[in-house]
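Next comes protein28.cif, with mmCIF, C-alpha atoms and all ligand atoms.
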```
data_coords
loop_
_atom_site.label_atom_id
_atom_site.label_comp_id
_atom_site.auth_asym_id
_atom_site.auth_seq_id
_atom_site.Cartn_x
_atom_site.Cartn_y
_atom_site.Cartn_z
CA MET A 1 26.70 14.36 6.25
CA GLY A 2 29.92 13.43 4.49
CA LEU A 3 30.40 10.93 1.72
CA MET A 4 29.19 7.40 2.43
CA ILE A 5 29.97 4.36 0.31
CA ILE A 6 27.59 1.39 0.39
CA LYS A 7 29.93 -1.18 -1.10
CA ASN A 8 29.18 -4.60 -2.46
CA VAL A 9 25.58 -4.07 -3.61
CA ILE A 10 23.71 -5.06 -6.77
CA LEU A 11 21.81 -2.41 -8.75
CA ASN A 12 20.18 -3.41 -12.06
CA ASP A 13 22.19 -6.66 -12.15
CA LYS A 14 25.53 -4.88 -11.71
CA THR A 15 27.65 -5.25 -8.57
CA GLY A 16 29.21 -2.02 -7.39
CA MET A 17 29.08 0.70 -4.79
CA LEU A 18 26.46 3.31 -4.12
CA LEU A 19 27.78 6.75 -3.20
CA VAL A 20 25.64 8.95 -0.98
CA GLU A 21 26.25 12.45 0.37
CA ASN A 22 24.10 14.93 2.28
CA GLY A 23 21.11 12.61 2.07
CA LYS A 24 21.27 12.38 -1.74
CA ILE A 25 22.39 9.83 -4.30
CA VAL A 26 25.76 10.77 -5.82
CA ASP A 27 26.67 7.84 -8.05
CA PHE A 28 26.71 4.09 -8.55
CA ARG A 29 30.05 2.80 -9.78
CA GLN A 30 32.61 0.02 -9.77
CA GLU A 31 35.76 1.87 -8.64
CA SER A 32 36.27 3.48 -5.22
CA PRO A 33 36.38 7.26 -5.09
CA GLU A 34 39.60 9.06 -4.10
CA ASP A 35 38.05 10.40 -0.85
CA SER A 36 39.52 8.07 1.80
CA SER A 37 37.62 9.81 4.62
CA ALA A 38 34.32 8.38 3.34
CA GLU A 39 32.33 6.15 5.68
CA VAL A 40 32.11 2.63 4.21
CA TYR A 41 29.11 0.33 4.75
CA ASP A 42 29.21 -3.29 3.59
CA GLY A 43 26.06 -4.15 1.63
CA ARG A 44 26.97 -7.89 1.67
CA GLU A 45 25.86 -8.56 -1.90
CA CYS A 46 22.31 -7.41 -1.31
CA HIS A 47 20.20 -5.94 -4.08
CA VAL A 48 19.61 -2.23 -3.65
CA LEU A 49 16.05 -1.08 -4.39
CA PRO A 50 14.33 2.25 -3.87
CA SER A 51 12.62 2.55 -0.48
CA LEU A 52 8.99 1.52 -1.07
CA ILE A 53 5.95 3.81 -0.94
CA ASP A 54 2.66 2.39 0.31
CA ALA A 55 -0.30 4.50 -0.77
CA HIS A 56 -2.80 2.66 1.44
CA VAL A 57 -2.34 1.73 5.09
CA HIS A 58 -4.44 1.87 8.25
CA LEU A 59 -2.30 2.79 11.26
CA ARG A 60 -5.21 2.90 13.73
CA GLU A 61 -3.92 5.78 15.85
CA PRO A 62 -5.67 7.80 17.22
CA GLY A 63 -8.36 5.63 18.76
CA PHE A 64 -7.51 1.98 18.10
CA GLU A 65 -4.05 1.74 19.66
CA TYR A 66 -4.81 -1.83 20.77
CA LYS A 67 -4.66 -2.83 17.05
CA GLU A 68 -1.65 -0.73 15.98
CA THR A 69 0.07 2.52 16.87
CA ILE A 70 1.85 4.91 14.56
CA LYS A 71 5.09 3.75 16.19
CA SER A 72 4.48 0.00 15.67
CA GLY A 73 3.05 0.54 12.18
CA LEU A 74 6.11 2.53 11.17
CA GLU A 75 8.43 -0.12 12.61
CA ALA A 76 6.65 -2.70 10.43
CA ALA A 77 6.95 -0.30 7.49
CA ALA A 78 10.69 0.18 8.08
CA GLY A 79 11.31 -3.59 8.30
CA GLY A 80 9.05 -4.29 5.33
CA GLY A 81 10.90 -1.78 3.14
CA PHE A 82 8.36 1.08 3.15
CA GLY A 83 9.83 4.54 3.74
CA GLN A 84 6.59 6.45 3.13
CA VAL A 85 3.06 5.31 3.92
CA MET A 86 -0.25 7.03 3.29
CA ALA A 87 -2.48 6.51 6.32
CA MET A 88 -6.24 6.34 5.86
CA ALA A 89 -8.65 8.44 7.86
CA ASN A 90 -10.82 5.79 9.59
CA THR A 91 -9.31 6.45 13.00
CA SER A 92 -11.21 7.65 16.08
CA PRO A 93 -11.65 10.54 15.89
CA VAL A 94 -11.71 10.40 12.10
CA ASN A 95 -8.96 12.41 10.41
CA ASP A 96 -11.24 15.19 9.20
CA SER A 97 -9.52 18.08 10.96
CA ALA A 98 -6.10 19.69 11.16
CA SER A 99 -5.74 18.62 14.78
CA VAL A 100 -5.90 14.89 13.94
CA THR A 101 -3.54 15.28 10.96
CA GLU A 102 -1.09 17.25 13.11
CA PHE A 103 -1.33 14.67 15.88
CA MET A 104 -0.41 11.86 13.45
CA LEU A 105 2.54 13.81 12.08
CA ALA A 106 3.74 14.63 15.62
CA ARG A 107 3.55 10.94 16.59
CA ASN A 108 5.64 10.13 13.52
CA MET A 109 8.30 12.66 14.58
CA GLU A 110 8.37 11.30 18.16
CA SER A 111 8.95 7.68 17.19
CA HIS A 112 10.64 7.83 13.76
CA PRO A 113 12.04 11.31 13.10
CA ALA A 114 14.31 10.05 10.29
CA GLY A 115 11.58 7.95 8.69
CA PRO A 116 9.55 6.07 7.66
CA PHE A 117 7.19 8.97 7.10
CA VAL A 118 3.41 9.00 7.40
CA HIS A 119 1.42 11.01 4.88
CA PRO A 120 -2.06 11.32 6.35
CA VAL A 121 -5.00 10.93 3.96
CA GLY A 122 -7.79 13.26 5.02
CA ALA A 123 -11.41 12.10 5.16
CA LEU A 124 -13.31 13.31 2.12
CA THR A 125 -16.43 13.86 4.20
CA ARG A 126 -16.95 14.80 7.85
CA ASN A 127 -16.66 11.76 10.11
CA LEU A 128 -16.68 9.63 6.91
CA GLU A 129 -20.47 10.01 6.95
CA GLY A 130 -20.84 10.94 3.30
CA ARG A 131 -23.06 13.94 4.04
CA GLN A 132 -20.85 17.02 4.22
CA LEU A 133 -17.39 17.74 2.83
CA SER A 134 -14.48 17.86 5.28
CA PRO A 135 -12.52 21.12 5.46
CA LEU A 136 -10.23 20.05 2.62
CA THR A 137 -8.08 23.21 2.53
CA GLU A 138 -7.43 22.96 6.27
CA LEU A 139 -6.51 19.28 5.89
CA LYS A 140 -4.12 19.99 3.04
CA GLU A 141 -2.46 22.82 4.97
CA ALA A 142 -2.04 20.55 8.00
CA GLY A 143 -0.16 17.98 5.89
CA CYS A 144 -2.67 15.62 4.21
CA ARG A 145 -1.44 14.29 0.87
CA ALA A 146 -4.72 12.96 -0.54
CA PHE A 147 -8.37 12.59 0.41
CA SER A 148 -10.45 9.44 0.77
CA ASN A 149 -13.54 8.00 2.39
CA ASP A 150 -11.82 4.61 2.41
CA GLY A 151 -13.89 2.02 4.26
CA LEU A 152 -17.10 4.06 3.93
CA PRO A 153 -17.38 5.19 0.29
CA VAL A 154 -19.46 8.24 -0.66
CA LYS A 155 -22.78 7.12 -2.14
CA ASP A 156 -24.06 10.59 -3.08
CA ASN A 157 -22.78 11.19 -6.63
CA GLU A 158 -23.33 14.95 -6.45
CA LEU A 159 -21.31 15.23 -3.25
CA PHE A 160 -18.62 13.00 -4.73
CA ARG A 161 -18.42 15.23 -7.80
CA ARG A 162 -17.98 18.34 -5.63
CA ALA A 163 -15.35 16.59 -3.54
CA VAL A 164 -13.33 15.62 -6.61
CA GLU A 165 -13.56 19.15 -8.03
CA TYR A 166 -12.60 20.78 -4.74
CA ALA A 167 -9.68 18.38 -4.23
CA SER A 168 -8.47 18.99 -7.75
CA ASP A 169 -8.50 22.78 -7.19
CA LEU A 170 -6.16 22.07 -4.28
CA GLY A 171 -3.93 19.90 -6.48
CA MET A 172 -4.90 16.77 -4.55
CA VAL A 173 -6.07 13.36 -5.71
CA VAL A 174 -9.17 11.58 -4.38
CA ILE A 175 -8.68 7.89 -3.59
CA ASP A 176 -11.95 6.01 -3.92
CA HIS A 177 -12.87 2.78 -2.19
CA CYS A 178 -15.00 1.37 -5.01
CA GLU A 179 -17.98 -0.31 -3.46
CA ASP A 180 -21.71 0.11 -3.87
CA THR A 181 -22.63 -0.34 -0.25
CA TYR A 182 -26.24 -1.30 -1.05
CA LEU A 183 -25.12 -4.21 -3.21
CA ALA A 184 -22.42 -5.21 -0.73
CA ALA A 185 -24.58 -4.80 2.39
CA ASP A 186 -24.03 -7.52 5.00
CA GLY A 187 -21.83 -9.51 2.62
CA VAL A 188 -18.78 -11.16 4.14
CA MET A 189 -17.04 -12.88 1.20
CA ASN A 190 -17.16 -13.07 -2.59
CA GLU A 191 -20.60 -14.01 -3.90
CA GLY A 192 -20.51 -17.33 -5.72
CA ARG A 193 -20.47 -21.09 -5.38
CA ILE A 194 -18.30 -21.08 -2.24
CA SER A 195 -20.37 -18.45 -0.41
CA SER A 196 -23.49 -20.54 -1.13
CA TYR A 197 -21.76 -23.72 0.02
CA LEU A 198 -20.53 -22.08 3.24
CA GLY A 199 -23.86 -20.38 3.87
CA LEU A 200 -22.26 -16.93 3.99
CA LYS A 201 -23.76 -13.80 2.46
CA GLY A 202 -21.78 -12.82 -0.63
CA ILE A 203 -20.51 -9.53 -2.02
CA PRO A 204 -21.01 -9.53 -5.81
CA SER A 205 -18.23 -8.19 -8.03
CA VAL A 206 -20.78 -5.76 -9.49
CA ALA A 207 -20.65 -3.92 -6.14
CA GLU A 208 -17.11 -2.94 -7.13
CA THR A 209 -17.51 -2.55 -10.88
CA LEU A 210 -20.54 -0.23 -10.67
CA GLN A 211 -18.52 2.23 -8.62
CA VAL A 212 -15.41 1.80 -10.79
CA ALA A 213 -17.63 2.72 -13.75
CA ARG A 214 -19.02 5.75 -11.89
CA ASP A 215 -15.55 6.98 -11.05
CA ILE A 216 -14.27 6.50 -14.59
CA LEU A 217 -17.21 8.45 -16.02
CA MET A 218 -16.75 11.15 -13.37
CA ALA A 219 -13.01 11.44 -14.07
CA ALA A 220 -13.78 11.68 -17.80
CA TYR A 221 -16.51 14.28 -17.37
CA LEU A 222 -14.47 16.45 -14.99
CA ASP A 223 -11.17 15.63 -16.73
CA THR A 224 -9.77 15.20 -13.23
CA PRO A 225 -7.71 12.33 -11.77
CA ILE A 226 -9.32 9.79 -9.46
CA HIS A 227 -7.36 6.94 -7.90
CA LEU A 228 -9.20 3.62 -7.59
CA ALA A 229 -8.23 1.76 -4.42
CA HIS A 230 -7.75 -2.00 -3.90
CA ILE A 231 -9.12 -3.36 -7.19
CA SER A 232 -10.10 -7.02 -6.81
CA CYS A 233 -11.80 -8.37 -9.94
CA GLU A 234 -11.27 -8.89 -13.65
CA GLU A 235 -14.33 -6.89 -14.75
CA SER A 236 -12.94 -3.78 -13.01
CA LEU A 237 -9.68 -4.28 -14.89
CA GLU A 238 -11.58 -4.38 -18.19
CA LEU A 239 -13.26 -1.07 -17.36
CA ILE A 240 -9.95 0.51 -16.30
CA ALA A 241 -8.25 -0.73 -19.49
CA TRP A 242 -11.04 0.93 -21.50
CA ALA A 243 -10.61 4.17 -19.54
CA LYS A 244 -6.87 4.19 -20.11
CA GLU A 245 -7.33 3.61 -23.84
CA LYS A 246 -9.50 6.73 -23.85
CA SER A 247 -6.89 8.65 -21.80
CA ILE A 248 -9.32 9.14 -18.93
CA PRO A 249 -7.19 10.19 -15.93
CA VAL A 250 -7.81 7.27 -13.58
CA THR A 251 -5.10 5.31 -11.79
CA ALA A 252 -5.60 1.99 -10.05
CA GLU A 253 -4.13 -0.03 -7.24
CA THR A 254 -4.29 -3.64 -6.17
CA CYS A 255 -2.86 -5.39 -3.10
CA PRO A 256 -0.66 -8.45 -2.57
CA HIS A 257 -3.61 -10.49 -1.27
CA TYR A 258 -5.50 -10.12 -4.58
CA LEU A 259 -2.38 -11.40 -6.35
CA PHE A 260 -2.05 -14.54 -4.24
CA TRP A 261 -5.29 -15.88 -2.83
CA ASP A 262 -8.77 -16.55 -4.09
CA GLU A 263 -12.06 -17.30 -2.34
CA GLU A 264 -11.10 -20.99 -1.87
CA ILE A 265 -9.04 -19.92 1.14
CA ILE A 266 -12.27 -19.04 2.98
CA GLN A 267 -13.17 -22.78 3.10
CA GLY A 268 -12.73 -23.58 6.79
CA TYR A 269 -13.98 -20.09 7.63
CA ASN A 270 -10.50 -18.58 7.75
CA THR A 271 -11.03 -15.11 9.24
CA MET A 272 -7.40 -14.19 8.44
CA ALA A 273 -8.47 -13.99 4.79
CA LYS A 274 -11.54 -11.85 5.44
CA VAL A 275 -10.98 -8.53 3.74
CA ASN A 276 -12.96 -5.88 1.93
CA PRO A 277 -13.17 -6.04 -1.06
CA PRO A 278 -13.19 -9.82 -0.69
CA LEU A 279 -10.80 -12.31 -2.25
CA ARG A 280 -12.40 -13.26 -5.57
CA ARG A 281 -12.06 -16.13 -8.08
CA LYS A 282 -8.92 -17.83 -9.44
CA LYS A 283 -9.38 -16.05 -12.76
CA ASP A 284 -9.34 -12.69 -10.97
CA VAL A 285 -5.96 -13.50 -9.41
CA LEU A 286 -4.55 -14.35 -12.84
CA ALA A 287 -6.08 -11.25 -14.43
CA MET A 288 -4.64 -9.11 -11.63
CA ARG A 289 -1.14 -10.50 -12.25
CA ASN A 290 -1.46 -9.71 -15.97
CA ALA A 291 -2.66 -6.21 -15.16
CA LEU A 292 0.62 -5.49 -13.35
CA LYS A 293 2.46 -6.08 -16.59
CA ASN A 294 0.19 -4.30 -19.07
CA GLY A 295 -0.13 -1.04 -17.14
CA VAL A 296 -3.80 -1.38 -16.20
CA ILE A 297 -2.76 -1.50 -12.53
CA ASP A 298 -0.51 1.43 -11.60
CA ILE A 299 0.53 0.51 -8.09
CA ILE A 300 0.67 -2.24 -5.50
CA ALA A 301 -0.41 -0.98 -2.06
CA THR A 302 -0.84 -3.15 1.02
CA ASP A 303 -4.18 -1.92 2.47
CA HIS A 304 -2.41 -2.83 5.73
CA ALA A 305 -5.36 -3.35 8.09
CA PRO A 306 -4.15 -4.66 11.47
CA HIS A 307 -6.64 -6.10 13.96
CA ALA A 308 -6.21 -7.64 17.42
CA ASP A 309 -6.20 -11.46 17.71
CA PHE A 310 -9.39 -11.53 19.78
CA GLU A 311 -11.25 -9.65 17.05
CA LYS A 312 -10.42 -12.27 14.41
CA GLU A 313 -11.02 -15.24 16.75
CA VAL A 314 -14.79 -15.16 16.27
CA PRO A 315 -17.25 -16.73 13.80
CA PHE A 316 -16.41 -15.67 10.23
CA ALA A 317 -19.39 -13.39 9.70
CA GLN A 318 -18.57 -11.38 12.83
CA ALA A 319 -14.84 -10.90 12.21
CA PRO A 320 -13.61 -7.49 11.02
CA ASN A 321 -12.26 -7.07 7.48
CA GLY A 322 -8.56 -6.63 6.98
CA ILE A 323 -5.15 -8.18 6.43
CA SER A 324 -1.96 -6.97 8.07
CA GLY A 325 0.35 -6.39 5.10
CA LEU A 326 3.43 -4.28 5.75
CA ASP A 327 5.65 -7.10 7.03
CA THR A 328 5.05 -9.52 4.16
CA ALA A 329 4.23 -7.46 1.02
CA LEU A 330 7.72 -7.26 -0.43
CA SER A 331 8.54 -10.94 0.13
CA LEU A 332 5.23 -11.93 -1.50
CA CYS A 333 5.88 -9.70 -4.50
CA LEU A 334 9.43 -11.00 -4.86
CA TYR A 335 7.85 -14.41 -5.43
CA LEU A 336 6.25 -12.92 -8.55
CA VAL A 337 9.70 -11.78 -9.65
CA ARG A 338 11.18 -15.25 -9.11
CA ARG A 339 8.31 -16.78 -11.10
CA GLY A 340 8.97 -14.37 -13.98
CA VAL A 341 5.57 -12.64 -13.62
CA LEU A 342 7.41 -9.35 -12.98
CA GLU A 343 10.90 -7.95 -13.44
CA LEU A 344 12.55 -6.26 -10.49
CA ASP A 345 12.20 -2.99 -12.41
CA ASP A 346 8.42 -3.48 -12.61
CA LEU A 347 8.36 -3.95 -8.85
CA ASN A 348 10.33 -0.73 -8.30
CA TRP A 349 7.82 1.03 -10.50
CA LEU A 350 4.68 -0.46 -8.90
CA MET A 351 5.82 -0.17 -5.27
CA SER A 352 7.84 3.04 -5.30
CA ILE A 353 8.13 5.26 -8.37
CA SER A 354 4.55 5.09 -9.60
CA PRO A 355 2.87 5.78 -6.20
CA GLY A 356 5.40 8.56 -5.65
CA ARG A 357 4.44 10.17 -8.97
CA ILE A 358 0.68 9.81 -8.47
CA PHE A 359 0.77 11.38 -5.01
CA ASN A 360 3.62 13.81 -5.59
CA LEU A 361 6.02 12.27 -3.07
CA PRO A 362 9.83 12.21 -3.25
CA VAL A 363 11.12 9.18 -5.20
CA ASN A 364 14.53 7.63 -5.66
CA THR A 365 15.36 6.51 -9.20
CA PHE A 366 19.10 6.30 -8.31
CA GLN A 367 19.90 9.37 -10.38
CA LYS A 368 22.35 11.95 -9.00
CA GLY A 369 20.50 14.26 -6.60
CA ASP A 370 17.63 11.83 -5.83
CA PRO A 371 16.84 11.29 -2.13
CA ALA A 372 19.04 8.52 -0.71
CA ASP A 373 15.99 6.45 0.30
CA PHE A 374 16.79 2.80 -0.40
CA ILE A 375 16.61 -0.72 0.93
CA LEU A 376 19.13 -3.55 0.84
CA VAL A 377 17.36 -6.80 0.04
CA ASP A 378 18.74 -10.32 0.42
CA MET A 379 16.87 -12.17 -2.33
CA GLU A 380 17.74 -15.62 -0.95
CA TYR A 381 16.90 -14.96 2.71
CA GLU A 382 14.36 -17.54 3.85
CA TRP A 383 12.08 -16.75 6.75
CA GLN A 384 8.94 -18.08 8.30
CA VAL A 385 6.04 -15.75 9.05
CA THR A 386 5.45 -15.99 12.81
CA PRO A 387 3.85 -13.51 15.22
CA GLU A 388 7.35 -12.75 16.59
CA GLU A 389 8.81 -12.06 13.13
CA MET A 390 6.06 -9.56 12.35
CA LEU A 391 6.74 -6.06 13.61
CA SER A 392 3.16 -4.92 13.20
CA MET A 393 0.91 -5.42 16.22
CA GLY A 394 -1.62 -6.95 13.80
CA LYS A 395 -0.79 -10.62 13.24
CA ASN A 396 -3.84 -11.11 11.01
CA THR A 397 -2.51 -12.51 7.77
CA PRO A 398 -3.17 -15.61 5.68
CA CYS A 399 0.66 -15.77 5.41
CA MET A 400 0.99 -16.90 9.03
CA GLY A 401 3.27 -19.96 9.15
CA MET A 402 4.33 -19.64 5.50
CA GLU A 403 7.98 -19.79 4.43
CA LEU A 404 8.84 -16.73 2.38
CA MET A 405 11.98 -15.82 0.49
CA GLY A 406 13.63 -12.40 0.17
CA ARG A 407 13.88 -9.86 2.97
CA VAL A 408 14.89 -6.30 3.74
CA MET A 409 18.27 -6.38 5.52
CA ALA A 410 18.74 -2.63 5.88
CA HIS A 411 16.72 0.49 5.17
CA PHE A 412 18.10 3.98 4.57
CA MET A 413 16.14 7.24 4.42
CA GLY A 414 17.91 10.45 3.47
CA GLY A 415 21.19 8.49 3.66
CA LYS A 416 20.60 7.46 7.31
CA GLU A 417 20.13 3.86 8.35
CA ILE A 418 16.68 3.62 9.93
CA PHE A 419 16.44 -0.17 10.19
CA SER A 420 18.81 -3.14 10.11
CA ARG A 421 18.62 -6.94 10.27
CA PHE A 422 22.38 -7.38 9.71
O1 LIG B 501 -10.43 -4.93 4.68
C1 LIG B 501 -10.51 -3.74 4.92
N1 LIG B 501 -10.13 -3.24 6.11
N2 LIG B 501 -11.05 -2.93 4.00
C2 LIG B 501 -11.32 -1.64 4.26
O2 LIG B 501 -11.81 -0.98 3.39
C3 LIG B 501 -11.07 -1.08 5.60
C4 LIG B 501 -10.04 -1.83 6.31
C5 LIG B 501 -9.95 -1.53 7.78
O3 LIG B 501 -9.93 -0.35 8.14
O4 LIG B 501 -9.83 -2.48 8.56
#
```
Can I see the file as structure tokens?
Amino acid sequence: MGLMIIKNVILNDKTGMLLVENGKIVDFRQESPEDSSAEVYDGRECHVLPSLIDAHVHLREPGFEYKETIKSGLEAAAGGGFGQVMAMANTSPVNDSASVTEFMLARNMESHPAGPFVHPVGALTRNLEGRQLSPLTELKEAGCRAFSNDGLPVKDNELFRRAVEYASDLGMVVIDHCEDTYLAADGVMNEGRISSYLGLKGIPSVAETLQVARDILMAAYLDTPIHLAHISCEESLELIAWAKEKSIPVTAETCPHYLFWDEEIIQGYNTMAKVNPPLRRKKDVLAMRNALKNGVIDIIATDHAPHADFEKEVPFAQAPNGISGLDTALSLCLYLVRRGVLELDDLNWLMSISPGRIFNLPVNTFQKGDPADFILVDMEYEWQVTPEEMLSMGKNTPCMGMELMGRVMAHFMGGKEIFSRF
């Protein structure tokens, strides 16, 4: 690939041109290079950001193709700005063998050979049952980038310890869904005043914090990294802050929904907002926003969990957990930038560089030689969330009908345009 000039773009508040060659970043500058044979692409005054990395998605294939396929999930990723997504193992069959991992990677190559790219996350235990370790070496060799029992956390502490040690020997990180399933059993929303008022069984925050505490103590004892998935409440943040002060090697993620909505949204039995862990209190939302700034939260991941309409159109207690997130995550987070909660640089860190570093994935920091994986974002673009505007097959989001601002206009991976709204 020869030299390509993406002219008329804004990087770190400076307007200029991005130079790309052979799939790599060459330079960002104000003057045109001598080379008149270069291909020129008009960036139309968009901001240029690194392509985003989502460390937590559910793509549903194999087994639940009526909810989402790898193809549709990756199309939503491309249009939402995500160039790399880490796909959880709760498919059918579960991703606990090389054949499932290889199948997912092959599907990726069939539909999106130039990206976005799926990084499968192997099941920590066979069939996610929490009884016997999966063949972790085989999963790593087939292409898994991390291990997790997301959705069905491992209750057996001894087995969890062995899993973390084994994964660490392989140079892999365990992602833990922090939930004490005995305390959370049969719960459908946050436990509190609103769950009592609605007559719904609650999930107490201690169901999360107990397991966060276990994982912190385990990471400290083994001196081995553990990544804490979808953190939802203030008490967990306090524990993680303590762990970080002590240099215990834990990292933590939260999701856009925990930064925007609280349990009030469940009034009216809104199944679109049913998710696990559940949306908590107002003070948790505020604490979560602060935690993005003070380093307690390391990454924002979507926990993209698409479901079919008919599955969510049932009484609240029967609806499945999950919010479809890839289409709307960036626009939601840009709201936090407009409100001054975050700088654009913080967003690049939380949604691209930091997940890339934690999971050892290629990242673009716009230095010479970095992969030319970037998105062009129109910060003023206004759009309404409708089923047609969403590229994911899962239309299950509390954003439905909302007007959002800021959108990906083009997406490049390895210097190739993989998606455009221009
Ligand atoms: O809300 C959720 N949905 N939480 C999970 O842990 C699993 C996920 C899913 O697979 O739908």
Practice prompt. Name the residues, by chain letter and number, that sit within 10 Å of ligand LIG 501 (chain B) using only C-alpha atoms and all ligand atoms, and give them as a PyMOL selection string.
Written response: chain A and resi 56-60+67+88-91+149-153+177-179+229-230+273-278+303-307+320-324
Size and centre in Å, one decimal, axis-aligned box, all listed stretch 94-101 of chain A atoms plus 3 Å per side, as JSON:
```
{"center_x": -7.6, "center_y": 15.0, "center_z": 12.0, "size_x": 14.2, "size_y": 15.3, "size_z": 11.6}
```
Counting all atoms listed in the file, which residues of stretch 198-294 of chain A fall within 10 Å of stretch 347-366 of chain A, and what is the closest atom pair for each with its distance in Å at one decimal, ordered by chain and rising number, as JSON lines?
```
{"residue": "A:Pro225", "atom": "CA", "partner": "A:Ile358", "partner_atom": "CA", "distance": 9.4}
{"residue": "A:His227", "atom": "CA", "partner": "A:Ile358", "partner_atom": "CA", "distance": 8.6}
{"residue": "A:Thr251", "atom": "CA", "partner": "A:Ile358", "partner_atom": "CA", "distance": 8.0}
{"residue": "A:Glu253", "atom": "CA", "partner": "A:Leu350", "partner_atom": "CA", "distance": 9.0}
{"residue": "A:Thr254", "atom": "CA", "partner": "A:Leu350", "partner_atom": "CA", "distance": 9.9}
{"residue": "A:Leu292", "atom": "CA", "partner": "A:Leu350", "partner_atom": "CA", "distance": 7.8}
{"residue": "A:Lys293", "atom": "CA", "partner": "A:Leu350", "partner_atom": "CA", "distance": 9.8}
```
Can I get the selected residues back with C-alpha atoms, as a PDB file, keeping the file's coordinate frame?
```pdb
ATOM      1  CA  PRO A 225      -7.710  12.330 -11.770  1.00  0.00           C
ATOM      2  CA  HIS A 227      -7.360   6.940  -7.900  1.00  0.00           C
ATOM      3  CA  THR A 251      -5.100   5.310 -11.790  1.00  0.00           C
ATOM      4  CA  GLU A 253      -4.130  -0.030  -7.240  1.00  0.00           C
ATOM      5  CA  THR A 254      -4.290  -3.640  -6.170  1.00  0.00           C
ATOM      6  CA  LEU A 292       0.620  -5.490 -13.350  1.00  0.00           C
ATOM      7  CA  LYS A 293       2.460  -6.080 -16.590  1.00  0.00           C
TER       8      LYS A 293
END
```
Discussion item. Between A:Gly115, A:Lys140, A:Asn95, A:Thr328, which residue has the minimum interatomic distance to A:Asn127, considering only C-alpha atoms?
Written reply: A:Asn95
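For the set A:Asp13, A:Glu138, A:Asp180, A:Glu389, the residue with the smallest atom-to-atom gap to A:Ala76 is A:Glu389, counting only C-alpha atoms.
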Discussion item. Tell me which residues come within 8 Å of (19.4, -7.0, 11.0), as JSON, numbers by chain, counting all atoms listed in the file in the file's coordinates.
Written reply: {"A": [409, 410, 419, 420, 421, 422]}
Discussion item. Nearest residue to A:Pro371 out of A:Gly401, A:Gly406, A:Gly192, A:Gly23, using only C-alpha atoms?
Written reply: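 Using only C-alpha atoms, A:Pro371 sits closest to A:Gly23.
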Practice prompt. Select, counting all atoms listed in the file, all protein, DNA and RNA residues no farther than 9 Å from (5.6, 7.6, 9.2) in file coordinates, and express the selection as a count of residues only.
Written response: 25
Worksheet entry | Atomic separation - atom CA of A:Arg193 relative to atom CA of A:Arg214, Å |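 Interatomic distance here is 27.7 Å.
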Excluding A:Ser32 and any residue of its chain fewer than 4 positions from it, enumerate the residues within 12 Å of it, using only C-alpha atoms, and give them as an mmCIF file with C-alpha atoms, keeping the file's coordinate frame.
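File produced: around_35.cif:
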```
data_model
loop_
_atom_site.group_PDB
_atom_site.id
_atom_site.type_symbol
_atom_site.label_atom_id
_atom_site.label_comp_id
_atom_site.auth_asym_id
_atom_site.auth_seq_id
_atom_site.Cartn_x
_atom_site.Cartn_y
_atom_site.Cartn_z
ATOM 1 C CA LEU A 3 30.400 10.930 1.720
ATOM 2 C CA MET A 4 29.190 7.400 2.430
ATOM 3 C CA ILE A 5 29.970 4.360 0.310
ATOM 4 C CA ILE A 6 27.590 1.390 0.390
ATOM 5 C CA LYS A 7 29.930 -1.180 -1.100
ATOM 6 C CA ASN A 8 29.180 -4.600 -2.460
ATOM 7 C CA GLY A 16 29.210 -2.020 -7.390
ATOM 8 C CA MET A 17 29.080 0.700 -4.790
ATOM 9 C CA LEU A 18 26.460 3.310 -4.120
ATOM 10 C CA LEU A 19 27.780 6.750 -3.200
ATOM 11 C CA ASP A 27 26.670 7.840 -8.050
ATOM 12 C CA PHE A 28 26.710 4.090 -8.550
ATOM 13 C CA SER A 36 39.520 8.070 1.800
ATOM 14 C CA SER A 37 37.620 9.810 4.620
ATOM 15 C CA ALA A 38 34.320 8.380 3.340
ATOM 16 C CA GLU A 39 32.330 6.150 5.680
ATOM 17 C CA VAL A 40 32.110 2.630 4.210
#
```
Worksheet item: Pick the closest to A:Cys233 from A:Glu141, A:Asp186, A:Asp284, A:Asp169: which is it, counting only C-alpha atoms?
Response: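 Once distances to A:Cys233 are computed over only C-alpha atoms, the minimum belongs to A:Asp284.
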Fill in: Contact residues around A:Leu286 with only C-alpha atoms at 12 Å, ignoring same-chain residues under 4 positions, as a list in words
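Within the cut-off, the hits are Ser232, Cys233, Glu234, Leu237, Tyr258, Leu259, Phe260, Trp261, Asp262, Arg280, Arg281, Lys282, Asn290, Ala291, Leu292, Lys293, Leu336 and Val341 of chain A.
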Fill in: For atom CA of A:Ala163 and atom CA of A:Ile53, the interatomic separation in Å (one decimal)
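Separation of atom CA of A:Ala163 and atom CA of A:Ile53: 25.0 Å.
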Fill in: Contacts of stretch 45-51 of chain A at 6 Å (all atoms listed in the file; same-chain gap of 6+ positions) as a list in words
Asn8, Val9, Ile10, Leu11, Gly81, Phe82, Gly83, Asn364, Asp373, Phe374, Ile375, Leu376, Val377 and Asp378 of chain A
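Interatomic distance, atom CA of A:Gly79 to atom CA of A:Asp327: 6.8 Å.
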Fill in: Polymer residues at most 9 Å from A:Leu139, all atoms listed in the file, same-chain spacing of 3 or more positions, as a list in words
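Counting all atoms listed in the file, the residues come to Asn95, Asp96, Ser97, Ala98, Ser99, Thr101, Val121, Gly122, Ala123, Ser134, Pro135, Leu136, Ala142, Gly143, Cys144, Arg145 and Phe147 of chain A.
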